[in-house]
>>> print(open('structure28.cif').read())   # mmCIF, C-alpha atoms
data_upload
#
loop_
_atom_site.label_atom_id
_atom_site.label_comp_id
_atom_site.auth_asym_id
_atom_site.auth_seq_id
_atom_site.Cartn_x
_atom_site.Cartn_y
_atom_site.Cartn_z
CA MET K 8 104.77 95.15 123.36
CA LYS K 9 102.96 91.87 122.82
CA SER K 10 103.89 89.92 119.68
CA TYR K 11 101.90 87.40 117.65
CA LYS K 12 102.73 85.21 114.66
CA ALA K 13 100.43 83.85 111.95
CA ASP K 14 100.67 82.31 108.51
CA VAL K 15 98.13 84.85 107.26
CA LEU K 16 96.91 88.10 108.77
CA VAL K 17 93.54 89.41 107.56
CA ILE K 18 92.86 93.11 108.16
CA GLY K 19 89.10 93.69 108.26
CA ALA K 20 86.25 91.44 109.40
CA GLY K 21 83.56 92.37 106.92
CA ALA K 22 82.24 90.10 104.19
CA ALA K 23 85.62 89.96 102.42
CA GLY K 24 87.80 89.41 105.45
CA LEU K 25 85.64 86.68 106.95
CA ALA K 26 85.28 84.75 103.69
CA ALA K 27 89.04 84.90 103.00
CA ALA K 28 89.93 83.82 106.54
CA ILE K 29 87.56 80.85 106.40
CA GLU K 30 89.06 79.70 103.08
CA ILE K 31 92.57 79.87 104.55
CA LYS K 32 91.66 78.12 107.79
CA LYS K 33 90.15 75.22 105.82
CA ALA K 34 93.64 74.66 104.35
CA ASP K 35 94.87 74.17 107.93
CA LEU K 36 96.89 77.38 107.99
CA LYS K 37 97.14 79.68 110.98
CA VAL K 38 95.10 82.82 110.31
CA LEU K 39 94.40 85.88 112.48
CA ILE K 40 91.71 88.51 111.86
CA ILE K 41 92.07 92.10 113.10
CA GLU K 42 88.99 94.35 113.09
CA ARG K 43 88.73 97.96 114.27
CA ASP K 44 84.99 97.72 115.06
CA LYS K 45 83.55 96.10 118.18
CA GLU K 46 82.01 93.14 116.36
CA LEU K 47 82.49 90.91 113.35
CA GLY K 48 80.44 91.44 110.19
CA GLY K 49 81.33 94.86 108.87
CA ILE K 50 78.85 97.11 107.09
CA THR K 51 76.43 94.25 106.35
CA LEU K 52 75.23 94.38 109.96
CA GLN K 53 73.41 97.66 109.32
CA CYS K 54 71.96 96.56 105.95
CA ILE K 55 68.71 95.07 107.24
CA HIS K 56 67.09 94.93 103.79
CA ASN K 57 67.01 91.66 101.88
CA GLY K 58 68.72 90.72 98.62
CA PHE K 59 71.86 89.16 100.09
CA GLY K 60 73.02 85.60 99.54
CA LEU K 61 71.24 84.81 96.27
CA LYS K 62 74.50 83.62 94.67
CA GLU K 63 76.43 82.44 97.70
CA PHE K 64 73.63 80.55 99.49
CA GLU K 65 70.94 80.45 96.78
CA GLU K 66 68.45 82.05 99.14
CA GLU K 67 67.47 85.59 100.01
CA LEU K 68 68.85 86.93 103.28
CA THR K 69 69.17 90.25 105.06
CA GLY K 70 72.61 91.73 105.65
CA PRO K 71 72.84 90.60 109.31
CA GLU K 72 71.67 87.09 108.36
CA TYR K 73 74.30 86.93 105.63
CA ALA K 74 77.06 88.11 107.98
CA GLN K 75 75.99 85.67 110.68
CA ARG K 76 76.53 82.70 108.35
CA PHE K 77 80.22 83.64 108.13
CA ILE K 78 80.53 84.65 111.78
CA ASN K 79 79.26 81.20 112.75
CA GLN K 80 81.86 79.55 110.51
CA VAL K 81 84.65 81.67 112.00
CA LYS K 82 83.64 80.60 115.50
CA ASP K 83 83.10 76.95 114.54
CA LEU K 84 86.57 76.84 112.96
CA LYS K 85 88.00 78.58 116.03
CA ILE K 86 89.65 81.30 113.95
CA PRO K 87 91.23 83.83 116.34
CA TYR K 88 90.24 87.47 115.95
CA MET K 89 90.91 90.79 117.65
CA LEU K 90 88.09 93.32 117.85
CA ASP K 91 88.24 97.04 118.65
CA THR K 92 91.83 96.91 117.39
CA MET K 93 93.23 99.56 115.06
CA VAL K 94 96.09 98.75 112.69
CA ILE K 95 98.36 101.79 112.65
CA GLU K 96 101.26 100.55 110.53
CA ILE K 97 101.96 97.88 107.95
CA THR K 98 105.46 97.19 106.63
CA LYS K 99 106.83 95.66 103.43
CA ASP K 100 108.22 92.69 105.36
CA LYS K 101 104.65 91.81 106.39
CA LYS K 102 104.67 93.05 109.96
CA ILE K 103 101.84 95.13 111.33
CA TYR K 104 101.50 97.25 114.43
CA ALA K 105 98.11 97.74 116.04
CA ILE K 106 96.65 99.15 119.23
CA ASN K 107 93.69 98.33 121.45
CA ASN K 108 92.53 99.13 124.99
CA LYS K 109 93.41 95.72 126.45
CA GLU K 110 96.93 95.07 125.21
CA GLY K 111 98.17 98.47 124.10
CA LEU K 112 100.66 98.22 121.23
CA ILE K 113 100.68 94.88 119.35
CA GLU K 114 103.08 93.49 116.77
CA VAL K 115 101.97 90.74 114.36
CA SER K 116 104.33 88.95 111.97
CA ALA K 117 102.85 86.99 109.06
CA LYS K 118 103.90 85.15 105.93
CA ALA K 119 101.13 86.86 103.98
CA ILE K 120 98.62 89.66 104.55
CA ILE K 121 95.14 90.12 103.09
CA LEU K 122 93.86 93.70 102.93
CA ALA K 123 90.08 93.68 103.41
CA MET K 124 89.44 97.10 104.95
CA GLY K 125 86.46 97.95 102.75
CA CYS K 126 85.58 101.49 101.69
CA ARG K 127 84.17 104.70 103.11
CA GLU K 128 81.68 107.29 101.90
CA LYS K 129 82.56 110.62 100.37
CA THR K 130 81.54 113.51 102.63
CA ARG K 131 80.44 117.09 102.03
CA GLY K 132 84.07 118.21 101.96
CA ALA K 133 84.77 115.95 98.97
CA ILE K 134 82.17 117.69 96.79
CA ASN K 135 82.46 121.30 98.06
CA ILE K 136 78.83 122.34 98.60
CA PRO K 137 78.62 126.05 99.53
CA GLY K 138 76.77 127.20 102.64
CA PHE K 139 77.01 127.19 106.44
CA ARG K 140 77.75 124.12 108.55
CA PRO K 141 74.39 123.41 110.18
CA ALA K 142 73.29 120.22 111.89
CA GLY K 143 71.38 117.79 109.69
CA ILE K 144 73.98 116.80 107.07
CA TYR K 145 74.89 113.11 107.03
CA THR K 146 76.16 110.49 104.68
CA ALA K 147 73.58 107.87 103.75
CA GLY K 148 75.59 105.20 105.58
CA GLN K 149 75.63 107.28 108.78
CA ALA K 150 71.87 107.65 108.60
CA GLN K 151 71.51 103.93 107.93
CA ARG K 152 73.41 103.12 111.10
CA PHE K 153 71.40 105.63 113.15
CA VAL K 154 68.10 104.16 112.00
CA ASN K 155 68.90 100.44 111.78
CA ILE K 156 71.41 99.98 114.62
CA GLU K 157 71.03 102.88 117.05
CA GLY K 158 67.26 103.34 116.67
CA TYR K 159 67.34 107.12 115.99
CA LEU K 160 65.81 109.17 113.19
CA PRO K 161 68.28 111.86 112.09
CA GLY K 162 65.46 114.08 110.77
CA HIS K 163 61.90 114.23 109.42
CA THR K 164 62.04 115.79 105.96
CA PHE K 165 64.88 114.72 103.70
CA VAL K 166 66.63 115.52 100.45
CA ILE K 167 69.12 112.90 99.30
CA LEU K 168 71.98 114.01 97.06
CA GLY K 169 73.23 111.15 94.90
CA SER K 170 71.41 108.05 93.74
CA GLY K 171 73.91 105.49 95.00
CA ASP K 172 72.47 102.24 96.28
CA ILE K 173 72.67 103.22 99.96
CA GLY K 174 70.98 106.54 99.19
CA MET K 175 68.06 104.92 97.35
CA ILE K 176 67.70 102.20 99.99
CA MET K 177 67.61 104.86 102.71
CA ALA K 178 64.96 106.81 100.78
CA ARG K 179 62.72 103.76 101.09
CA ARG K 180 63.76 103.01 104.68
CA LEU K 181 62.99 106.55 105.85
CA THR K 182 59.64 106.47 104.06
CA TRP K 183 58.79 103.30 106.02
CA GLU K 184 59.55 105.25 109.21
CA GLY K 185 57.05 107.96 108.25
CA CYS K 186 59.58 110.52 107.06
CA ASP K 187 59.00 112.72 104.02
CA VAL K 188 61.70 112.19 101.38
CA LYS K 189 61.23 115.23 99.17
CA ALA K 190 63.58 114.10 96.38
CA VAL K 191 66.65 112.13 95.37
CA VAL K 192 68.86 114.51 93.40
CA GLU K 193 71.44 113.09 90.96
CA ILE K 194 74.05 115.08 89.04
CA GLN K 195 74.19 112.49 86.27
CA PRO K 196 71.34 112.04 83.74
CA TYR K 197 70.91 108.49 85.10
CA VAL K 198 70.96 106.78 88.50
CA SER K 199 74.35 105.85 89.88
CA GLY K 200 73.06 102.77 91.70
CA LEU K 201 71.45 99.54 90.56
CA LEU K 202 68.33 99.79 88.41
CA ARG K 203 66.47 97.39 90.69
CA ASN K 204 66.91 99.85 93.56
CA GLN K 205 65.59 102.68 91.40
CA VAL K 206 62.43 100.65 90.84
CA GLN K 207 62.00 99.05 94.27
CA CYS K 208 63.11 101.99 96.42
CA LEU K 209 62.05 105.11 94.48
CA GLU K 210 59.42 104.33 91.86
CA ASP K 211 57.44 101.91 94.05
CA TYR K 212 57.17 104.62 96.73
CA ASP K 213 56.65 107.61 94.42
CA ILE K 214 59.85 109.27 95.62
CA PRO K 215 60.88 111.90 93.04
CA LEU K 216 64.17 111.35 91.23
CA ILE K 217 65.62 114.58 89.83
CA THR K 218 68.49 113.89 87.42
CA SER K 219 71.04 116.33 85.96
CA TYR K 220 70.74 118.48 89.10
CA THR K 221 72.98 119.01 92.11
CA VAL K 222 72.73 120.75 95.48
CA SER K 223 74.27 124.18 95.01
CA LYS K 224 73.55 125.66 98.45
CA ILE K 225 72.59 124.51 101.92
CA HIS K 226 70.32 126.87 103.88
CA GLY K 227 70.24 127.20 107.65
CA ALA K 228 72.64 128.25 110.40
CA ASP K 229 71.93 125.95 113.36
CA ARG K 230 69.92 123.32 111.50
CA VAL K 231 69.32 122.63 107.82
CA LYS K 232 66.22 124.52 106.65
CA GLY K 233 66.39 123.60 102.98
CA VAL K 234 68.61 123.24 99.94
CA THR K 235 68.86 124.92 96.57
CA ILE K 236 69.29 122.55 93.65
CA THR K 237 70.58 123.65 90.26
CA LYS K 238 70.51 122.01 86.85
CA VAL K 239 73.92 121.14 85.38
CA SER K 240 75.19 120.98 81.81
CA LYS K 241 76.90 118.00 80.18
CA ASP K 242 80.18 119.37 81.55
CA TYR K 243 78.62 119.62 85.05
CA ASP K 244 78.61 123.42 85.04
CA ARG K 245 75.66 124.91 86.92
CA ILE K 246 73.07 126.53 84.67
CA ILE K 247 72.21 130.01 85.93
CA GLY K 248 68.47 130.55 86.37
CA SER K 249 67.61 126.87 86.92
CA GLU K 250 67.72 127.06 90.74
CA LYS K 251 64.96 125.45 92.81
CA PHE K 252 64.51 125.59 96.58
CA ILE K 253 63.42 122.47 98.49
CA GLU K 254 62.48 122.80 102.14
CA CYS K 255 63.92 120.04 104.37
CA ASP K 256 65.58 119.56 107.75
CA THR K 257 68.11 116.92 106.70
CA LEU K 258 70.42 116.37 103.74
CA LEU K 259 71.84 112.89 103.09
CA LEU K 260 74.85 112.42 100.84
CA SER K 261 75.18 109.32 98.65
CA VAL K 262 77.87 110.61 96.32
CA GLY K 263 80.31 107.73 96.02
CA LEU K 264 82.64 105.44 97.92
CA ILE K 265 86.42 105.54 98.42
CA PRO K 266 88.53 102.43 99.12
CA GLU K 267 90.22 102.56 102.55
CA ASN K 268 93.78 102.49 101.29
CA GLU K 269 95.86 104.49 103.76
CA LEU K 270 97.44 101.26 105.04
CA THR K 271 97.98 100.05 101.48
CA LEU K 272 99.98 103.17 100.67
CA GLN K 273 101.87 102.96 103.93
CA ALA K 274 103.02 99.45 103.01
CA GLY K 275 104.42 100.90 99.78
CA ALA K 276 101.89 99.29 97.43
CA THR K 277 100.93 101.14 94.24
CA LEU K 278 97.35 102.32 93.74
CA SER K 279 95.53 102.13 90.42
CA GLN K 280 93.17 104.69 88.89
CA ASN K 281 90.07 103.44 90.72
CA GLY K 282 91.66 104.17 94.11
CA GLY K 283 92.24 100.51 94.95
CA PRO K 284 95.63 98.79 94.95
CA LEU K 285 97.17 97.66 91.69
CA VAL K 286 96.91 93.85 91.62
CA ASP K 287 97.73 90.90 89.38
CA ASN K 288 95.49 87.95 88.53
CA ASN K 289 96.27 86.44 91.95
CA LEU K 290 94.94 89.62 93.64
CA GLU K 291 98.48 90.25 94.90
CA THR K 292 99.55 93.88 95.23
CA THR K 293 102.89 95.27 94.08
CA ILE K 294 104.29 94.19 97.46
CA GLU K 295 104.99 90.46 97.41
CA GLY K 296 102.85 88.53 99.88
CA ILE K 297 100.29 91.31 100.41
CA PHE K 298 96.93 90.62 98.76
CA ALA K 299 93.70 92.64 98.50
CA CYS K 300 90.03 91.80 98.01
CA GLY K 301 86.56 93.23 98.48
CA ASN K 302 85.68 96.91 98.47
CA VAL K 303 89.22 97.98 99.37
CA LEU K 304 90.18 96.73 95.90
CA GLN K 305 87.09 97.78 93.95
CA VAL K 306 83.59 98.78 95.02
CA HIS K 307 81.25 95.87 94.27
CA ASP K 308 77.56 95.87 93.41
CA LEU K 309 76.63 92.88 95.58
CA VAL K 310 78.11 91.39 98.72
CA ASP K 311 78.00 87.96 97.04
CA MET K 312 80.58 89.28 94.55
CA VAL K 313 82.74 90.45 97.46
CA THR K 314 82.60 86.96 98.95
CA SER K 315 83.49 85.30 95.67
CA GLU K 316 86.50 87.56 95.21
CA ALA K 317 87.61 87.03 98.81
CA LYS K 318 87.51 83.26 98.40
CA ARG K 319 89.74 83.58 95.33
CA ALA K 320 92.13 85.74 97.34
CA GLY K 321 92.17 83.12 100.08
CA LYS K 322 93.00 80.33 97.64
CA ASN K 323 95.76 82.42 96.06
CA VAL K 324 97.28 83.12 99.47
CA ILE K 325 97.27 79.40 100.21
CA ASP K 326 99.11 78.79 96.93
CA TYR K 327 101.57 81.56 97.79
CA ILE K 328 102.41 80.14 101.21
CA GLN K 329 102.63 76.57 99.92
CA ASN K 330 104.86 77.66 97.00
CA ARG K 331 102.49 76.49 94.30
CA TYR K 332 103.41 79.19 91.84
CA ASP K 333 106.72 80.38 90.53
CA LYS K 334 107.67 83.54 92.41
CA SER K 335 110.72 84.20 90.25
CA ILE K 336 108.91 85.09 87.01
CA LYS K 337 105.52 86.35 88.08
CA ARG K 338 106.44 90.04 88.46
CA GLU K 339 108.63 90.65 85.45
CA ASP K 340 106.70 88.76 82.75
CA LYS K 341 103.17 90.13 82.58
CA ILE K 342 100.38 91.35 80.33
CA LYS K 343 98.89 94.73 81.28
CA PHE K 344 95.15 95.40 81.09
CA ILE K 345 94.58 98.94 79.77
CA PRO K 346 91.18 100.75 80.07
CA GLY K 347 90.06 101.82 76.59
CA GLU K 348 86.95 103.56 75.25
CA ASN K 349 84.11 103.79 77.80
CA ILE K 350 86.06 101.85 80.45
CA ASN K 351 86.50 103.36 83.90
CA TYR K 352 88.96 100.80 85.29
CA VAL K 353 89.94 97.14 84.93
CA LYS K 354 90.83 94.52 87.56
CA PRO K 355 93.24 92.81 87.60
CA ASP K 356 95.65 95.48 86.40
CA HIS K 357 97.88 92.84 84.85
CA VAL K 358 98.14 89.08 84.36
CA ASN K 359 101.27 87.04 84.96
CA LYS K 360 102.15 85.19 81.75
CA SER K 361 102.72 82.00 83.72
CA TYR K 362 98.91 81.90 84.09
CA ILE K 363 98.09 82.47 80.42
CA ASP K 364 96.54 79.01 80.11
CA SER K 365 94.45 79.42 83.28
CA ASN K 366 91.11 81.12 83.75
CA VAL K 367 91.30 84.76 84.80
CA VAL K 368 88.37 86.71 86.28
CA VAL K 369 88.29 90.18 84.68
CA ASN K 370 86.14 92.92 86.26
CA PHE K 371 85.51 96.39 84.86
CA ARG K 372 82.99 99.23 84.83
CA VAL K 373 81.95 101.52 82.02
CA GLN K 374 82.10 105.30 82.26
CA TYR K 375 78.63 105.98 80.83
CA PRO K 376 75.52 103.94 79.87
CA ASP K 377 75.15 102.59 76.35
CA ARG K 378 73.04 100.07 74.46
CA ARG K 379 73.84 97.52 71.78
CA VAL K 380 77.57 97.44 72.39
CA ILE K 381 80.56 95.20 71.84
CA ILE K 382 83.14 94.41 74.51
CA GLN K 383 86.51 94.09 72.76
CA PHE K 384 89.98 93.02 73.82
CA LYS K 385 92.79 94.37 71.59
CA ASP K 386 96.54 93.80 71.69
CA GLU K 387 99.18 96.54 71.34
CA ASN K 388 98.98 96.17 67.53
CA ASN K 389 95.24 96.96 67.62
CA LYS K 390 94.33 93.38 66.71
CA VAL K 391 90.99 92.22 68.16
CA ILE K 392 91.61 89.15 70.34
CA TYR K 393 88.17 88.73 71.86
CA LYS K 394 84.72 90.26 71.51
CA ARG K 395 81.18 89.72 72.65
CA LYS K 396 77.90 91.56 72.38
CA LYS K 397 76.02 93.06 75.27
CA VAL K 398 72.51 94.49 75.18
CA TYR K 399 73.33 97.38 77.54
CA VAL K 400 76.00 98.58 79.95
CA ILE K 401 75.69 101.02 82.86
CA PRO K 402 78.32 102.31 85.32
CA SER K 403 76.47 100.92 88.34
CA GLU K 404 76.71 97.31 87.15
CA MET K 405 80.15 95.76 87.21
CA ILE K 406 80.94 93.50 84.26
CA GLU K 407 82.66 90.21 85.09
CA LEU K 408 84.24 87.88 82.53
CA ASP K 409 85.81 84.53 83.41
CA LEU K 410 88.20 83.86 80.54
CA ASN K 411 91.00 81.48 79.61
CA LEU K 412 93.41 83.87 77.90
CA LYS K 413 95.12 81.17 75.86
CA GLU K 414 91.79 79.87 74.54
CA ILE K 415 90.71 83.32 73.34
CA GLY K 416 93.96 83.77 71.45
CA VAL K 417 96.29 85.63 73.82
CA GLU K 418 99.91 84.79 72.94
CA MET K 419 103.00 84.96 75.12
CA THR K 420 104.43 87.78 73.00
CA ILE K 421 101.57 90.16 73.89
CA LYS K 422 102.53 92.90 76.37
CA GLU K 423 99.18 94.62 76.88
CA ILE K 424 95.47 94.16 76.26
CA ARG K 425 93.23 97.17 75.77
CA ILE K 426 89.61 96.65 76.81
CA GLU K 427 86.93 98.83 75.24
CA VAL K 428 83.15 99.03 74.99
CA ILE K 429 81.99 100.45 71.65
CA PRO K 430 78.76 100.71 69.62
CA ARG K 431 78.47 97.49 67.71
CA PRO K 432 78.16 96.79 64.03
CA GLU K 433 75.59 94.18 63.06
CA VAL K 434 77.62 90.99 63.26
CA LEU K 435 76.84 87.67 64.87
CA ILE K 436 78.54 87.48 68.25
CA GLU K 437 77.54 85.75 71.46
CA GLU K 438 75.19 88.06 73.38
CA ASP K 439 74.37 88.45 77.07
#
>>> encode(input="structure28.cif", output="structure tokens")
Amino acid sequence: MKSYKADVLVIGAGAAGLAAAIEIKKADLKVLIIERDKELGGITLQCIHNGFGLKEFEEELTGPEYAQRFINQVKDLKIPYMLDTMVIEITKDKKIYAINNKEGLIEVSAKAIILAMGCREKTRGAINIPGFRPAGIYTAGQAQRFVNIEGYLPGHTFVILGSGDIGMIMARRLTWEGCDVKAVVEIQPYVSGLLRNQVQCLEDYDIPLITSYTVSKIHGADRVKGVTITKVSKDYDRIIGSEKFIECDTLLLSVGLIPENELTLQAGATLSQNGGPLVDNNLETTIEGIFACGNVLQVHDLVDMVTSEAKRAGKNVIDYIQNRYDKSIKREDKIKFIPGENINYVKPDHVNKSYIDSNVVVNFRVQYPDRRVIIQFKDENNKVIYKRKKVYVIPSEMIELDLNLKEIGVEMTIKEIRIEVIPRPEVLIEED
């Protein structure tokens, strides 16, 4: 078995992994990237639409162009990487075991590990659609790779279940290729992706969006011949008598993403309610020296946000290795962030009190859309510590706040902060 050593091991060479590795290398630390795919860049390589890089580079790029900027930096900095290499085990003492065709079994020892494995799509099995198992059922990401990378059309007439961003983008992409997208069907009464994609991908191309419906049956034995869609109630129960048949030869699923956290669990790290690892304000998991960033931690709206988070993770790892923060008190003395009314999840899950006078980036998503709301932070005694107005909130748009906890009134005696989004009274508060 061949062995390697590094200051920092980065698992995953997508937008998060590359950005974190570059940040660490610039601090003159030894970093190694391991990627299971055959090339650097991750999922951005198949996202040939534009809209990338507006924050990071202040210009509009396609996914491959965005990825190439970081790939070039990795090569210029001579950061070593292993491709087509699968990590099969990660231990609490920061050793990993991986395999590839060239070297067989590999052992890597590191002082710190960054988890940047990304996320995967939910499949048909995750949502239990009745029917046979014909050809012609794909996730939206699979179809995106077929069309944009492999050069194949997976079908000619499509129904897309779920209005996630990849689903709406593929509705437009398939229309460009001359396919007939019969409808995008969404179980919620609103789109689950970004509003700009609803406008640019569906409305601009007259692609029907059918909300509060789901696919209740798939027709066809050898190949999909059509789907039955059914209206659902507020509790997502199917309403008998509301069935509609749509003829198609392909069904695409865009029904959500799941963080790739099998390795996280194997290392013994705790997961939080959003499926990503539980982390502190340094993006460190419950296992000391193992950090997480990007879509393995939380599914982001934009790749620029992934990059920003990965850079923070890289800087925190540098501080960890160079002993710039007190390891003795950071785990025991903390303030928990608790999701309150209309909050799906919060990251970080807790803040170390030793950082109470530093800025902390707080990310969260709401559970349902609302307008004219207040974001409130409350302590365990129900005292409001912080609040601000917001014109509207929707689940598809992550909210990010960069706050100095001490400046907003958080005291060392506080043990938890509950975050909630509620309808606002008419008071004068700063508004987004």
>>> resolve_selection(input="structure28.cif", expression="the PyMOL selection byres ((chain K and resi 99) around 9)", output="ChimeraX atom specification")
/K:97-98,100-102,273-276,294-297
>>> residues_around(input="structure28.cif", residues="segment 25-42 of chain K", least_positions_apart="2", cutoff="8 Å", atoms="all atoms listed in the file", output="NGL selection string")
:K and (13-23 or 44-48 or 77-78 or 80-81 or 84 or 86-94 or 314 or 317-322 or 324-325)
>>> closest_atom_pairs(input="structure28.cif", of="segment 134-233 of chain K", to="segment 254-271 of chain K", cutoff="7 Å", atoms="all atoms listed in the file", output="JSON lines")
{"residue": "K:Gly143", "atom": "CA", "partner": "K:Thr257", "partner_atom": "CA", "distance": 4.5}
{"residue": "K:Ile144", "atom": "CA", "partner": "K:Leu258", "partner_atom": "CA", "distance": 4.9}
{"residue": "K:Tyr145", "atom": "CA", "partner": "K:Leu259", "partner_atom": "CA", "distance": 5.0}
{"residue": "K:Thr146", "atom": "CA", "partner": "K:Leu260", "partner_atom": "CA", "distance": 4.5}
{"residue": "K:Ala147", "atom": "CA", "partner": "K:Leu259", "partner_atom": "CA", "distance": 5.4}
{"residue": "K:Gly162", "atom": "CA", "partner": "K:Thr257", "partner_atom": "CA", "distance": 5.6}
{"residue": "K:His163", "atom": "CA", "partner": "K:Asp256", "partner_atom": "CA", "distance": 6.7}
{"residue": "K:Thr164", "atom": "CA", "partner": "K:Cys255", "partner_atom": "CA", "distance": 4.9}
{"residue": "K:Phe165", "atom": "CA", "partner": "K:Thr257", "partner_atom": "CA", "distance": 4.9}
{"residue": "K:Val166", "atom": "CA", "partner": "K:Leu258", "partner_atom": "CA", "distance": 5.1}
{"residue": "K:Ile167", "atom": "CA", "partner": "K:Leu259", "partner_atom": "CA", "distance": 4.7}
{"residue": "K:Leu168", "atom": "CA", "partner": "K:Leu260", "partner_atom": "CA", "distance": 5.0}
{"residue": "K:Gly169", "atom": "CA", "partner": "K:Ser261", "partner_atom": "CA", "distance": 4.6}
{"residue": "K:Ser170", "atom": "CA", "partner": "K:Ser261", "partner_atom": "CA", "distance": 6.3}
{"residue": "K:Gly171", "atom": "CA", "partner": "K:Ser261", "partner_atom": "CA", "distance": 5.4}
{"residue": "K:Ile173", "atom": "CA", "partner": "K:Ser261", "partner_atom": "CA", "distance": 6.7}
{"residue": "K:Gly174", "atom": "CA", "partner": "K:Ser261", "partner_atom": "CA", "distance": 5.1}
{"residue": "K:Arg230", "atom": "CA", "partner": "K:Asp256", "partner_atom": "CA", "distance": 6.9}
{"residue": "K:Val231", "atom": "CA", "partner": "K:Asp256", "partner_atom": "CA", "distance": 4.8}
{"residue": "K:Lys232", "atom": "CA", "partner": "K:Asp256", "partner_atom": "CA", "distance": 5.1}
{"residue": "K:Gly233", "atom": "CA", "partner": "K:Glu254", "partner_atom": "CA", "distance": 4.1}
>>> residues_around(input="structure28.cif", residues="segment 290-292 of chain K", least_positions_apart="6", cutoff="8 Å", atoms="all atoms listed in the file", output="list in words")
Ala276, Thr277, Pro284, Phe298, Ala299, Cys300, Ala320, Asn323 and Pro355 of chain K
>>> write_last_selection(input="structure28.cif", atoms="C-alpha atoms", output="PDB file, keeping the file's coordinate frame")
ATOM      1  CA  ALA K 276     101.890  99.290  97.430  1.00  0.00           C
ATOM      2  CA  THR K 277     100.930 101.140  94.240  1.00  0.00           C
ATOM      3  CA  PRO K 284      95.630  98.790  94.950  1.00  0.00           C
ATOM      4  CA  PHE K 298      96.930  90.620  98.760  1.00  0.00           C
ATOM      5  CA  ALA K 299      93.700  92.640  98.500  1.00  0.00           C
ATOM      6  CA  CYS K 300      90.030  91.800  98.010  1.00  0.00           C
ATOM      7  CA  ALA K 320      92.130  85.740  97.340  1.00  0.00           C
ATOM      8  CA  ASN K 323      95.760  82.420  96.060  1.00  0.00           C
ATOM      9  CA  PRO K 355      93.240  92.810  87.600  1.00  0.00           C
TER      10      PRO K 355
END
>>> resolve_selection(input="structure28.cif", expression="the PyMOL selection byres ((chain K and resi 109-117) around 6)", output="number ranges by chain")
K: 8-15, 101-108, 118-119
>>> closest_residue(input="structure28.cif", among="K:Lys129, K:Arg245, K:Arg203, K:Arg180", to="Gln151 of chain K", atoms="only C-alpha atoms")
K:Arg180
>>> residues_around(input="structure28.cif", residues="Ile363 of chain K", least_positions_apart="2", cutoff="12 Å", atoms="all atoms listed in the file", output="ChimeraX atom specification")
/K:288,337,340-342,357-361,365-367,410-421
>>> residues_around(input="structure28.cif", residues="Gln374 of chain K", least_positions_apart="3", cutoff="10 Å", atoms="only C-alpha atoms", output="JSON, numbers by chain")
{"K": [348, 349, 350, 351, 352, 371, 377, 400, 401, 402, 403, 428]}
>>> atom_distance(input="structure28.cif", atom1="atom CA of Val234 of chain K", atom2="atom CA of Gln53 of chain K")
27.7 Å
